[in-house]
Amino acid sequence: MKAIEEYLLQNREIHLNELIKLLNIPSISSLLEHKEDVKQGAAWIADALTRIGMENVEIYPTKGHPVVYGDWLKAEGKPTVLIYGHYDVQPVDPVDLWESPPFEPSIRDEKIFARGASDDKGQTFMHLKVIEAILKTQKTLPVNIKFCIEGEEEIGSPNLSKFIEEHKDLLQADVIVISDTGMIEKGKPTICYGLRGMCGLQIDVKGTKGDLHSGLYGGAVQNSIHALVGIVNSFHNEQGKITVDGFYDDVVPLTVQEREAFQALQIDEETVKGELGVTDLYGEEGYSFLERTWVRPTLEVNGIYGGFQGEGIKTVIPSEAHAKITCRLVPNQDPEVIIELLQKHIETHTPPGVEVSISLFDKGAPYVTPYNHPVIQAAARAYEKVYGVPVSYTRGGGSIPIVATFDEMLNIPVVLMGFGLPTENFHAPNEHFHLENFDKGMLTLAHYWYELEKVLT
């Protein structure tokens, strides 16, 4: 391991310059004008895989942006690891809030600032350099490696599920490792062993054929906004519990060990309130802040609109009203089942005088790998060797839908080894990545491949 560490140290500036070139590419997957830039990002990754010694490198086209694959399969009798990452990034708006141009990386205070620095180019790049370091110094790898790096994660990976289904044999492995999450705070390595799933819909309420004068018709016809507010209010009771029939039926209760692990993190809810600028927290009665945000399902109104929105007042009865709803789901909730339950609930609570239509959004299943699984514990040992402190075990309140897809289609454990920090502004102006975790993260990954060799061989 000493030789690997020395190689990474001696080549640090070279590696940072390479990362800067990757971060220069404005591979924004959601904007059509950047389609060629996304292709350039795929080409850069493919070339980088080839340069570090990967074989069978190929750029696979999809109906959207390409998937890049490469492998090294010369460790006979050893386990195979599938490394997933993404080279696409979020849009950069508002540009005027960036202290340096988003695609002109700047290193300040041992942090590298650029769009994609933390999410996820920087973390994906670390995997490339670790493999390079091991091959350069040891001439072989302790495990077989496959890379699957896509260009559509930031738009929900709409074409990756089909790619996985069509290439199951190509992608088959013993474990999937993803570095697209973060540490709970600086200096505290964290393994996220579960993510919530998601489903969403839009509720469109239509009443009268057009807006009406409230003086002429007020009190005689249904107000679309009133109707919508009634539907929205019916989703929860005063204790924060979701009142949709059957919503909690498939929820797997939190184990005593998990609850104790969360309590051990010692999250101060008074501090949370101060950071959020609220006088009180709100949520399902009987659960802590962490439990509500990590392991309990939610139903949230993300947006609601209708009627007159301009300055002053306009005395109308609105013809239409709209709301956008999303649910965060936990094991073993099925997004398809939850959508059906929501539709039934909305139909039941629609008042007379209006019609309601529903449009569906993207959805993804929840995922969990038990934190006592050998591949998770091997990751914990690798972190602790480098960071020198015990690992924190968390579940993510957000969703990475493709994680559940990997889990379902390949039926192998998923390990989320993230090195970002919650303060690094991913998806926001001035995104950055702490170089301390760039350095320590690569050492951690190097240790992990050797730990996996012991665990899975």
# chains A, B, ... in the order shown; residues from 1 in each chain; ligands from 1
$ select_by_dssp --residues "stretch 34-238 of chain A" --states "helix (DSSP H, G or I)" --output "JSON, numbers by chain"
{"A": [34, 35, 36, 37, 38, 39, 40, 41, 42, 43, 44, 45, 46, 47, 48, 49, 50, 51, 95, 96, 97, 121, 122, 123, 124, 125, 126, 127, 128, 129, 130, 131, 132, 133, 134, 135, 136, 137, 138, 153, 154, 155, 160, 161, 162, 163, 164, 165, 166, 168, 169, 170, 171, 214, 215, 216, 217, 224, 225, 226, 227, 228, 229, 230, 231, 232, 233]}
$ write_last_selection --atoms "C-alpha atoms" --output "mmCIF file, in the first residue's frame"
data_model
loop_
_atom_site.group_PDB
_atom_site.id
_atom_site.type_symbol
_atom_site.label_atom_id
_atom_site.label_comp_id
_atom_site.auth_asym_id
_atom_site.auth_seq_id
_atom_site.Cartn_x
_atom_site.Cartn_y
_atom_site.Cartn_z
ATOM 1 C CA HIS A 34 -24.944 20.940 -24.707
ATOM 2 C CA LYS A 35 -25.566 17.635 -26.484
ATOM 3 C CA GLU A 36 -22.165 17.737 -28.207
ATOM 4 C CA ASP A 37 -20.493 18.680 -24.924
ATOM 5 C CA VAL A 38 -21.995 15.590 -23.298
ATOM 6 C CA LYS A 39 -20.592 13.504 -26.161
ATOM 7 C CA GLN A 40 -17.221 15.133 -25.525
ATOM 8 C CA GLY A 41 -17.519 14.128 -21.864
ATOM 9 C CA ALA A 42 -18.142 10.512 -22.866
ATOM 10 C CA ALA A 43 -15.153 10.568 -25.204
ATOM 11 C CA TRP A 44 -12.937 11.996 -22.447
ATOM 12 C CA ILE A 45 -13.970 9.210 -20.054
ATOM 13 C CA ALA A 46 -13.420 6.513 -22.695
ATOM 14 C CA ASP A 47 -9.950 7.865 -23.453
ATOM 15 C CA ALA A 48 -9.122 8.056 -19.733
ATOM 16 C CA LEU A 49 -10.216 4.441 -19.202
ATOM 17 C CA THR A 50 -7.958 3.344 -22.043
ATOM 18 C CA ARG A 51 -5.003 5.316 -20.692
ATOM 19 C CA VAL A 95 -24.361 32.219 -13.264
ATOM 20 C CA ASP A 96 -23.928 35.603 -11.551
ATOM 21 C CA LEU A 97 -23.676 33.884 -8.146
ATOM 22 C CA LYS A 121 -16.934 14.052 -11.988
ATOM 23 C CA GLY A 122 -14.529 14.520 -9.107
ATOM 24 C CA GLN A 123 -15.604 11.364 -7.322
ATOM 25 C CA THR A 124 -15.755 9.275 -10.506
ATOM 26 C CA PHE A 125 -12.301 10.540 -11.503
ATOM 27 C CA MET A 126 -10.887 9.311 -8.186
ATOM 28 C CA HIS A 127 -11.785 5.728 -9.126
ATOM 29 C CA LEU A 128 -9.838 6.041 -12.381
ATOM 30 C CA LYS A 129 -6.711 7.301 -10.661
ATOM 31 C CA VAL A 130 -6.812 4.647 -7.927
ATOM 32 C CA ILE A 131 -6.952 1.865 -10.501
ATOM 33 C CA GLU A 132 -4.138 3.551 -12.401
ATOM 34 C CA ALA A 133 -2.022 3.781 -9.237
ATOM 35 C CA ILE A 134 -2.482 0.100 -8.382
ATOM 36 C CA LEU A 135 -1.702 -1.085 -11.910
ATOM 37 C CA LYS A 136 1.363 1.170 -12.199
ATOM 38 C CA THR A 137 2.846 0.037 -8.891
ATOM 39 C CA GLN A 138 1.591 -3.549 -8.515
ATOM 40 C CA GLU A 153 -27.911 10.746 -14.131
ATOM 41 C CA GLU A 154 -28.829 14.389 -13.636
ATOM 42 C CA ILE A 155 -32.000 13.882 -15.705
ATOM 43 C CA LEU A 160 -29.812 3.377 -18.348
ATOM 44 C CA SER A 161 -32.417 0.824 -17.210
ATOM 45 C CA LYS A 162 -32.777 -0.434 -20.770
ATOM 46 C CA PHE A 163 -28.990 -0.479 -21.170
ATOM 47 C CA ILE A 164 -28.608 -2.595 -18.014
ATOM 48 C CA GLU A 165 -31.361 -4.956 -19.117
ATOM 49 C CA GLU A 166 -29.762 -5.434 -22.543
ATOM 50 C CA LYS A 168 -26.789 -7.901 -17.942
ATOM 51 C CA ASP A 169 -24.000 -10.329 -18.797
ATOM 52 C CA LEU A 170 -21.598 -7.509 -19.579
ATOM 53 C CA LEU A 171 -22.319 -5.777 -16.254
ATOM 54 C CA SER A 214 -66.493 36.775 -7.815
ATOM 55 C CA GLY A 215 -69.208 39.377 -7.266
ATOM 56 C CA LEU A 216 -71.545 37.763 -9.775
ATOM 57 C CA TYR A 217 -70.822 34.093 -9.068
ATOM 58 C CA SER A 224 -60.976 25.411 -8.116
ATOM 59 C CA ILE A 225 -58.362 26.580 -5.631
ATOM 60 C CA HIS A 226 -60.662 25.783 -2.703
ATOM 61 C CA ALA A 227 -61.199 22.319 -4.164
ATOM 62 C CA LEU A 228 -57.477 21.734 -4.618
ATOM 63 C CA VAL A 229 -56.647 22.950 -1.109
ATOM 64 C CA GLY A 230 -59.237 20.534 0.264
ATOM 65 C CA ILE A 231 -57.583 17.635 -1.580
ATOM 66 C CA VAL A 232 -54.125 18.674 -0.412
ATOM 67 C CA ASN A 233 -55.270 19.061 3.204
#
$ closest_atom_pairs --of "stretch 366-456 of chain A" --to "stretch 4-8 of chain A" --cutoff "10 Å" --atoms "only C-alpha atoms" --output "tab-separated table"
residue	atom	partner	partner_atom	distance
A:Asp439	CA	A:Leu8	CA	8.0
A:Lys440	CA	A:Glu5	CA	9.8
A:Met442	CA	A:Leu8	CA	8.2
A:Leu443	CA	A:Glu5	CA	6.8
A:Ala446	CA	A:Ile4	CA	8.0
A:His447	CA	A:Ile4	CA	9.9
$ write_last_selection --atoms "N, CA and C atoms" --output "short mmCIF file (atom, residue, chain, number, x, y, z; two decimals), in the first residue's frame"
data_model
loop_
_atom_site.label_atom_id
_atom_site.label_comp_id
_atom_site.auth_asym_id
_atom_site.auth_seq_id
_atom_site.Cartn_x
_atom_site.Cartn_y
_atom_site.Cartn_z
N ASP A 439 -7.73 13.32 -1.68
CA ASP A 439 -6.54 12.55 -1.33
C ASP A 439 -6.88 11.33 -0.48
N LYS A 440 -7.60 11.56 0.60
CA LYS A 440 -7.93 10.45 1.51
C LYS A 440 -8.90 9.47 0.85
N MET A 442 -9.05 8.53 -2.29
CA MET A 442 -8.37 7.58 -3.18
C MET A 442 -7.64 6.51 -2.38
N LEU A 443 -7.03 6.88 -1.26
CA LEU A 443 -6.40 5.88 -0.41
C LEU A 443 -7.43 4.90 0.15
N ALA A 446 -8.38 2.43 -2.49
CA ALA A 446 -7.31 1.46 -2.69
C ALA A 446 -7.37 0.37 -1.62
N HIS A 447 -7.53 0.80 -0.38
CA HIS A 447 -7.66 -0.19 0.70
C HIS A 447 -8.89 -1.07 0.47
#
$ atom_distance --atom1 "atom CA of A:Ile358" --atom2 "atom CA of A:Gly396"
28.4 Å
$ closest_residue --among "A:Ile191, A:Cys199, A:Cys148, A:Val205" --to "A:His373" --atoms "only C-alpha atoms"
A:Ile191
$ residues_around --residues "A:Glu58" --least-positions-apart "6" --cutoff "7 Å" --atoms "only C-alpha atoms" --output "ChimeraX atom specification"
/A:46,68-70
$ residues_around --residues "A:Gly303" --least-positions-apart "4" --cutoff "9 Å" --atoms "only C-alpha atoms" --output "list in words"
His322, Ala323, Lys324 and Ile325 of chain A
$ write_last_selection --atoms "C-alpha atoms" --output "PDB file, in the first residue's frame"
ATOM      1  CA  HIS A 322     -52.649  22.863 -10.010  1.00  0.00           C
ATOM      2  CA  ALA A 323     -50.362  21.124  -7.533  1.00  0.00           C
ATOM      3  CA  LYS A 324     -47.182  19.096  -7.908  1.00  0.00           C
ATOM      4  CA  ILE A 325     -46.807  16.220  -5.442  1.00  0.00           C
TER       5      ILE A 325
END
